[in-house]
Amino acid sequence: MTTTAPNVSCHLPAELNSFIGRRHEIAEVKRLLSDARLVTLIGVGGVGKTRLAMRVGFDLRRAYPDGVWLVELAGLESPELLVQTVMECLEIQDRSVRPSIEVLTDHLRDKKMLLILDNCEHLLDECAAVAETLMRAAPGLRILATSRQTLGVVGEQMMPVPPMPMPDSDGSRSSTDSLKQFDAIRLFADRSQSVLPGFEVTDDNQDSVARIVRRLDGIPLAIELAAVRLRAISVDQLLARLDDRFRLLTMGARTAMPRQQTLRALIDWSYGLCTEQERLLWARLSVFSGGLDLEAAEHVCAGDGIEPDEVVDLVVGLVGKSVLAREGDQTTVRYRLLETIRQYGRDRLRESGDEAALRARHRDWFADLASRGQREWFGPDQVAWFNRLRAEHGNIRSALDYCLTTPGEAVRGLAIATALRFYWIATGSLREPRDWLDRLLATGDAAAPPAGPAAGPAAGPAAGDAALTARANALCVNARLAVLQSDFALAADMLEEARELAKRLDGAAIPAEISYVSGLATLLQRDITGAAALLEEAVAGYREADAPMGVVNTLLYLATAHSLLGHPDEAVTRFKEGLEACEARADHWFRSYTLWVYGIEVWREGDVARAVEMEREAIRLKRPFDDRLGTALCIEALAWMAADGTPERAAVLFGASQERWRSFGAPPFGYLSGHHDASEALARERLGEEQFEAAFRRGTELTPADALAYAMCESVKPAKPAAVQASPLTRREMEIARLVAQGMTNKAIASALVIAQRTAEGHVEHILTKLGFNSRSQIAAWVGEQGLLPGGAP
């Protein structure tokens with residue numbers, strides 16, 4: 001008999017190499033989580049806290065129906081963005097003006113979820129405050145944190161993560177088989193095999209291997225860094241160099257922990273093996289946050305000892321020395337410094353005195369990237385730009401933080417933040433850009449200038465105009481974001497200041513932006529006539545400023561206003577003009593939103609089939625952006641379109657739509673709410689109250705993926721049988737797992753497969769380790785879930 005695995009949501013990155021050992025620690029963390037709401041894994045850098053937390057999360061995924069989620073904090077430098085970062089990781093796209101922590105607690109209030117907060121040590125107070133607030137609000141929430149020290153929250157359970165078990169140094173010689181039972185030895189052997197295929201711990205090298213892992217104090221990161229050296233040297237040579245280097249550590253500070261000394265010394269050694277140029281590049285790469293690509297490395301890190309055409313070879317060298325980790329696929333390659341290695345490089349950069357200059361070059365590169373992204377957003381590379389900017393989000397934050405904290409740089413920060421306006425909106429992240437803009441606008445060098453000359457005599461009128469323009473643009477973008485959050489009063493104040501600044505500047509772009517934001521605010525507040533007039537002004541202004549993206553953006557709302565005013569011919573003319581411009585540029589974003597509202601107009605005119613296809617095409621265009629708000633709007637429109645002919649379908653879609661609105665606070669289509677009310681009333685009338693409510697409940701129970709598939713009339717694909725999915729077990733281990741599930745002992749398995757009993761025992765141990773289990777009964781249950789028992793799926 002086979003069993004079906006429950007529908008689980010595990011939002012953890014795939015492991016890039018095998019997980020070794022830690023069975024006792026895994027069991028202990030699970031035990032602690034069963035009793036405590038907050039468990040913190042503490043230990044020295046490199047001891048394996050993150051891998052342990054993720055393995056526990058993966059093992060417990062079935063216990064948390066609302067998912068296991070990882071929040072990586074190592075690259076977060078601004079404590080103010082902690083809550084926003086948690087919300088982004090949980091895929092909460094909030095568009096309200098409520099405090100972020102309120103939105104987050106409301107989202108988690110009824111959830112049963114495991115949240116992993118990784119690398120909390122540099123945000124200790126903030127993580128403690130957030131963890132305590134969330135646990136009070138959400139009784140079903142468990143938090144697993146990793147840190148160099150405890151968070152200090154009431155009820156917190158702390159578990160030190162020790163180094164890996166390793167052989168004693170009592171002088172006795174163990175057998176090779178018994179030596180291989182130590183996790184540190186197994187890790188060294190596994191990582192050595194990845195760089196030197198065929199490597200084994202043998203009678204000849206076992207003493208050297210044992211001494212190596214002891215010298216490294218069983219620290220996983222140190223072991224992995226050492227194993228990579230076997231590409232070039234032997235085990236004995238590796239040991240000799242470790243011995244020589246670590247003798248010097250006795251001269252170090254007595255107050256430092258030996259494990260910290262050891263890890264630092266190993267990275268010192270890796271640093272020493274690099275060429276002078278590689279060391280220089282290593283230090284300069286530390287200014288990046290969250291990774292980088294080759295182009296960024298060439299532009300930011302070249303100069304003063306490194307030629308641009310030398311960067312690629314130096315990057316290859318650092319990858320080969322395991323300083324840089326290569327990520328991505330065959331078409332997109334990025335590089336990342338492990339956080340411990342990045343911090344080491346940052347220390348070297350500070351010692352060189354070049355940190356300020358490198359951070360400025362980093363800022364310049366990402367300012368240019370944001371500017372290029374803005375210029376090319378309305379075009380065929382729009383999706384590629386969205387993905388690129390999303391990959392660089394950490395670096396964008398670092399560049400903005402530099403502008404915010406460095407005197408005289410706020411105006412450049414405003415330029416970066418405003419250039420990213422459509423990226424911010426596409427990510428659904430409105431709170432973060434508003435926070436950056438608020439803080440940048442409030443700094444001394446970007447604060448509101450006096451009514452007289454904008455800059456001193458030395459700066460000249462051009463510099464003064466640039467500062468005025470940057471502030472006016474920032475006010476308009478901030479007001480736009482505020483309007484999208486229905487924060488109309490604050491938006492009006494910002495627009496008023498922008499109008500005063502615009503009087504001192506030439507050009508039509510800023511007045512057009514003011515008219516657009518004012519028109520959108522007026523539309524959302526249901527003054528349709530007033531909105532149409534303001535949006536007409538905006539279209540004219542954008543045309544004068546030769547800003548086609550502004551024209552297209554405004555046309556979709558102007559057409560909607562004409563539709564609501566009962567001007568179908570004018571509405572269709574404007575819709576078609578916008579679509580033609582989008583198609584000429586191969587645009588996705590604006591075309592999808594135009595199709596959404598144009599489809600509603602087509603439905604009102606009676607062509608339901610065409611309208612439905614327009615909504616589905618809009619959804620297809622939104623998929624590369626994961627535009628959950630836009631998709632929810634389309635699903636809502638599809639519910640309206642189904643109300644008359646297929647009311648049961650409409651009720652299901654209304655239920656699915658309601659669940660989506662919970663993420664946004666309220667349906668952001670107030671000016672279209674008449675369609676919602678009339679369509680829901682019609683569906684209730686057609687079905688009857690009882691049938692409508694039953695269908696509505698079915699919609700609320702759909703997962704987001706199933707709701708989308710239902711809206712698109714795509715069959716909801718059943719999950720693949722787990723046996724068909726990639727398994728962590730080898731073919732032989734799968735065979736033995738089946739026999740374990742049938743109740744066979746190790747002796748019986750050995751007899752059935754004609755292998756030694758010790759070999760069978762070793763296979764069972766490997767199966768337990770790979771699956772993170774502690775008993776044979778867990779293996780049996782897992783085999784049943786995979787459909788691998790006789791009579792189950794192949």
# chains A, B, ... in the order shown; residues from 1 in each chain; ligands from 1

$ residues_around --residues "segment 92-107 of chain A" --least-positions-apart "4" --cutoff "7 Å" --atoms "only C-alpha atoms" --output "MDAnalysis selection string"
chainID A and resid 83:84 87:88 134 137:138 428:430 484:487 663:665

$ residues_around --residues "segment 142-152 of chain A" --least-positions-apart "6" --cutoff "7 Å" --atoms "only C-alpha atoms" --output "ChimeraX atom specification"
/A:37-44,49-50,113-121,124,128,158

$ closest_residue --among "A:Asp506, A:Glu200, A:Glu659, A:Glu278" --to "Thr700 of chain A" --atoms "only C-alpha atoms"
A:Glu659

$ residues_around --residues "segment 388-391 of chain A" --least-positions-apart "2" --cutoff "9 Å" --atoms "only C-alpha atoms" --output "number ranges by chain"
A: 290-292, 369-370, 373, 383-386, 393-396, 420, 423, 427

$ select_by_dssp --residues "segment 118-194 of chain A" --states "alpha helix (DSSP H)" --output "number ranges by chain"
A: 124-137, 176-179, 183-194

$ residues_around --residues "Gly699 of chain A" --least-positions-apart "2" --cutoff "8 Å" --atoms "only C-alpha atoms" --output "list in words"
Ala651, Val652, Leu653, Phe654, Gly655, Ala656, Ser657, Ala695, Phe696, Arg697, Glu701, Leu702 and Ala707 of chain A

$ write_last_selection --atoms "N, CA and C atoms" --output "mmCIF file, in the first residue's frame"
data_model
loop_
_atom_site.group_PDB
_atom_site.id
_atom_site.type_symbol
_atom_site.label_atom_id
_atom_site.label_comp_id
_atom_site.auth_asym_id
_atom_site.auth_seq_id
_atom_site.Cartn_x
_atom_site.Cartn_y
_atom_site.Cartn_z
ATOM 1 N N ALA A 651 -17.789 31.969 -8.553
ATOM 2 C CA ALA A 651 -17.711 31.897 -7.092
ATOM 3 C C ALA A 651 -16.359 31.355 -6.639
ATOM 4 N N VAL A 652 -15.862 30.325 -7.334
ATOM 5 C CA VAL A 652 -14.537 29.787 -6.993
ATOM 6 C C VAL A 652 -13.470 30.862 -7.173
ATOM 7 N N LEU A 653 -13.546 31.601 -8.286
ATOM 8 C CA LEU A 653 -12.560 32.654 -8.551
ATOM 9 C C LEU A 653 -12.681 33.788 -7.539
ATOM 10 N N PHE A 654 -13.877 34.123 -7.121
ATOM 11 C CA PHE A 654 -14.036 35.137 -6.079
ATOM 12 C C PHE A 654 -13.354 34.688 -4.783
ATOM 13 N N GLY A 655 -13.522 33.388 -4.443
ATOM 14 C CA GLY A 655 -12.870 32.870 -3.237
ATOM 15 C C GLY A 655 -11.361 32.915 -3.345
ATOM 16 N N ALA A 656 -10.835 32.495 -4.514
ATOM 17 C CA ALA A 656 -9.383 32.540 -4.723
ATOM 18 C C ALA A 656 -8.872 33.972 -4.685
ATOM 19 N N SER A 657 -9.646 34.890 -5.249
ATOM 20 C CA SER A 657 -9.269 36.292 -5.279
ATOM 21 C C SER A 657 -9.219 36.870 -3.870
ATOM 22 N N ALA A 695 -18.900 26.960 -3.257
ATOM 23 C CA ALA A 695 -17.910 27.175 -4.314
ATOM 24 C C ALA A 695 -16.882 28.228 -3.882
ATOM 25 N N PHE A 696 -17.343 29.255 -3.187
ATOM 26 C CA PHE A 696 -16.444 30.307 -2.697
ATOM 27 C C PHE A 696 -15.402 29.713 -1.754
ATOM 28 N N ARG A 697 -15.861 28.809 -0.854
ATOM 29 C CA ARG A 697 -14.922 28.186 0.082
ATOM 30 C C ARG A 697 -13.890 27.343 -0.667
ATOM 31 N N GLU A 701 -9.605 27.704 -0.581
ATOM 32 C CA GLU A 701 -8.716 26.600 -0.213
ATOM 33 C C GLU A 701 -7.679 26.276 -1.289
ATOM 34 N N LEU A 702 -7.803 26.895 -2.459
ATOM 35 C CA LEU A 702 -6.835 26.641 -3.525
ATOM 36 C C LEU A 702 -5.487 27.249 -3.179
ATOM 37 N N ALA A 707 -4.934 28.065 -7.948
ATOM 38 C CA ALA A 707 -5.876 29.134 -8.299
ATOM 39 C C ALA A 707 -5.536 29.705 -9.670
#

$ residues_around --residues "segment 77-80 of chain A" --least-positions-apart "3" --cutoff "10 Å" --atoms "only C-alpha atoms" --output "VMD selection string"
chain A and resid 73 to 74 83 to 85 122 to 127 289 394 397 to 398 401 432 435

$ residues_around --residues "Leu179 of chain A" --least-positions-apart "2" --cutoff "10 Å" --atoms "only C-alpha atoms" --output "MDAnalysis selection string"
chainID A and resid 166:167 173:177 181:186 201:202 206:207 209:210

$ write_last_selection --atoms "N, CA, C and O atoms" --output "PDB file, in the first residue's frame"
ATOM      1  N   MET A 166      35.719  14.082  15.804  1.00  0.00           N
ATOM      2  CA  MET A 166      36.963  13.706  15.138  1.00  0.00           C
ATOM      3  C   MET A 166      37.741  12.758  16.049  1.00  0.00           C
ATOM      4  O   MET A 166      37.463  12.664  17.241  1.00  0.00           O
ATOM      5  N   PRO A 167      38.735  12.079  15.502  1.00  0.00           N
ATOM      6  CA  PRO A 167      39.486  11.100  16.301  1.00  0.00           C
ATOM      7  C   PRO A 167      40.265  11.780  17.429  1.00  0.00           C
ATOM      8  O   PRO A 167      40.694  12.926  17.299  1.00  0.00           O
ATOM      9  N   ARG A 173      46.119   3.886  17.259  1.00  0.00           N
ATOM     10  CA  ARG A 173      45.807   3.819  15.834  1.00  0.00           C
ATOM     11  C   ARG A 173      44.487   3.070  15.647  1.00  0.00           C
ATOM     12  O   ARG A 173      44.348   1.919  16.093  1.00  0.00           O
ATOM     13  N   SER A 174      43.539   3.713  15.003  1.00  0.00           N
ATOM     14  CA  SER A 174      42.242   3.094  14.747  1.00  0.00           C
ATOM     15  C   SER A 174      42.262   2.409  13.395  1.00  0.00           C
ATOM     16  O   SER A 174      43.086   2.713  12.520  1.00  0.00           O
ATOM     17  N   SER A 175      41.309   1.500  13.208  1.00  0.00           N
ATOM     18  CA  SER A 175      41.164   0.900  11.889  1.00  0.00           C
ATOM     19  C   SER A 175      40.590   1.932  10.932  1.00  0.00           C
ATOM     20  O   SER A 175      39.941   2.897  11.356  1.00  0.00           O
ATOM     21  N   THR A 176      40.837   1.732   9.654  1.00  0.00           N
ATOM     22  CA  THR A 176      40.320   2.675   8.656  1.00  0.00           C
ATOM     23  C   THR A 176      38.799   2.746   8.721  1.00  0.00           C
ATOM     24  O   THR A 176      38.210   3.829   8.639  1.00  0.00           O
ATOM     25  N   ASP A 177      38.152   1.577   8.891  1.00  0.00           N
ATOM     26  CA  ASP A 177      36.683   1.568   8.932  1.00  0.00           C
ATOM     27  C   ASP A 177      36.152   2.358  10.121  1.00  0.00           C
ATOM     28  O   ASP A 177      35.179   3.119  10.002  1.00  0.00           O
ATOM     29  N   GLN A 181      33.959   6.531  10.620  1.00  0.00           N
ATOM     30  CA  GLN A 181      32.706   6.805  11.312  1.00  0.00           C
ATOM     31  C   GLN A 181      32.667   8.230  11.882  1.00  0.00           C
ATOM     32  O   GLN A 181      31.614   8.717  12.258  1.00  0.00           O
ATOM     33  N   PHE A 182      33.837   8.890  11.934  1.00  0.00           N
ATOM     34  CA  PHE A 182      33.872  10.257  12.448  1.00  0.00           C
ATOM     35  C   PHE A 182      33.408  11.224  11.360  1.00  0.00           C
ATOM     36  O   PHE A 182      33.893  11.193  10.222  1.00  0.00           O
ATOM     37  N   ASP A 183      32.497  12.121  11.736  1.00  0.00           N
ATOM     38  CA  ASP A 183      31.938  13.051  10.752  1.00  0.00           C
ATOM     39  C   ASP A 183      33.008  13.916  10.101  1.00  0.00           C
ATOM     40  O   ASP A 183      32.939  14.209   8.901  1.00  0.00           O
ATOM     41  N   ALA A 184      33.979  14.370  10.882  1.00  0.00           N
ATOM     42  CA  ALA A 184      35.023  15.235  10.315  1.00  0.00           C
ATOM     43  C   ALA A 184      35.811  14.508   9.243  1.00  0.00           C
ATOM     44  O   ALA A 184      36.166  15.086   8.200  1.00  0.00           O
ATOM     45  N   ILE A 185      36.095  13.236   9.475  1.00  0.00           N
ATOM     46  CA  ILE A 185      36.824  12.430   8.477  1.00  0.00           C
ATOM     47  C   ILE A 185      35.968  12.238   7.229  1.00  0.00           C
ATOM     48  O   ILE A 185      36.442  12.371   6.094  1.00  0.00           O
ATOM     49  N   ARG A 186      34.689  11.942   7.454  1.00  0.00           N
ATOM     50  CA  ARG A 186      33.804  11.717   6.305  1.00  0.00           C
ATOM     51  C   ARG A 186      33.662  12.989   5.474  1.00  0.00           C
ATOM     52  O   ARG A 186      33.619  12.949   4.245  1.00  0.00           O
ATOM     53  N   VAL A 201      40.160   7.468   2.116  1.00  0.00           N
ATOM     54  CA  VAL A 201      40.946   7.359   3.338  1.00  0.00           C
ATOM     55  C   VAL A 201      41.425   5.914   3.428  1.00  0.00           C
ATOM     56  O   VAL A 201      40.619   4.982   3.457  1.00  0.00           O
ATOM     57  N   THR A 202      42.727   5.734   3.418  1.00  0.00           N
ATOM     58  CA  THR A 202      43.326   4.395   3.371  1.00  0.00           C
ATOM     59  C   THR A 202      44.236   4.173   4.573  1.00  0.00           C
ATOM     60  O   THR A 202      44.498   5.096   5.356  1.00  0.00           O
ATOM     61  N   GLN A 206      45.604   7.501   6.539  1.00  0.00           N
ATOM     62  CA  GLN A 206      44.619   7.781   7.587  1.00  0.00           C
ATOM     63  C   GLN A 206      45.202   8.601   8.735  1.00  0.00           C
ATOM     64  O   GLN A 206      44.530   9.460   9.300  1.00  0.00           O
ATOM     65  N   ASP A 207      46.475   8.371   9.088  1.00  0.00           N
ATOM     66  CA  ASP A 207      47.065   9.145  10.180  1.00  0.00           C
ATOM     67  C   ASP A 207      47.145  10.630   9.818  1.00  0.00           C
ATOM     68  O   ASP A 207      46.838  11.508  10.638  1.00  0.00           O
ATOM     69  N   VAL A 209      45.310  12.227   7.587  1.00  0.00           N
ATOM     70  CA  VAL A 209      43.959  12.783   7.508  1.00  0.00           C
ATOM     71  C   VAL A 209      43.432  13.083   8.911  1.00  0.00           C
ATOM     72  O   VAL A 209      42.845  14.151   9.156  1.00  0.00           O
ATOM     73  N   ALA A 210      43.653  12.168   9.834  1.00  0.00           N
ATOM     74  CA  ALA A 210      43.182  12.381  11.201  1.00  0.00           C
ATOM     75  C   ALA A 210      43.845  13.609  11.818  1.00  0.00           C
ATOM     76  O   ALA A 210      43.198  14.418  12.501  1.00  0.00           O
TER      77      ALA A 210
END

$ select_by_dssp --residues "segment 311-511 of chain A" --states "strand (DSSP E or B)" --output "PyMOL selection string"
chain A and resi 324-328+333-337

$ closest_residue --among "A:Arg610, A:Arg359, A:Arg136, A:Arg375" --to "Ala547 of chain A" --atoms "only C-alpha atoms"
A:Arg375

$ closest_residue --among "A:Ala467, A:Ala417, A:Ala297, A:Ala521" --to "Ala492 of chain A" --atoms "only C-alpha atoms"
A:Ala521

$ residues_around --residues "Ser518 of chain A" --least-positions-apart "3" --cutoff "9 Å" --atoms "only C-alpha atoms" --output "PyMOL selection string"
chain A and resi 479-480+483+491-492+495+513-515+521-523+531+534-535
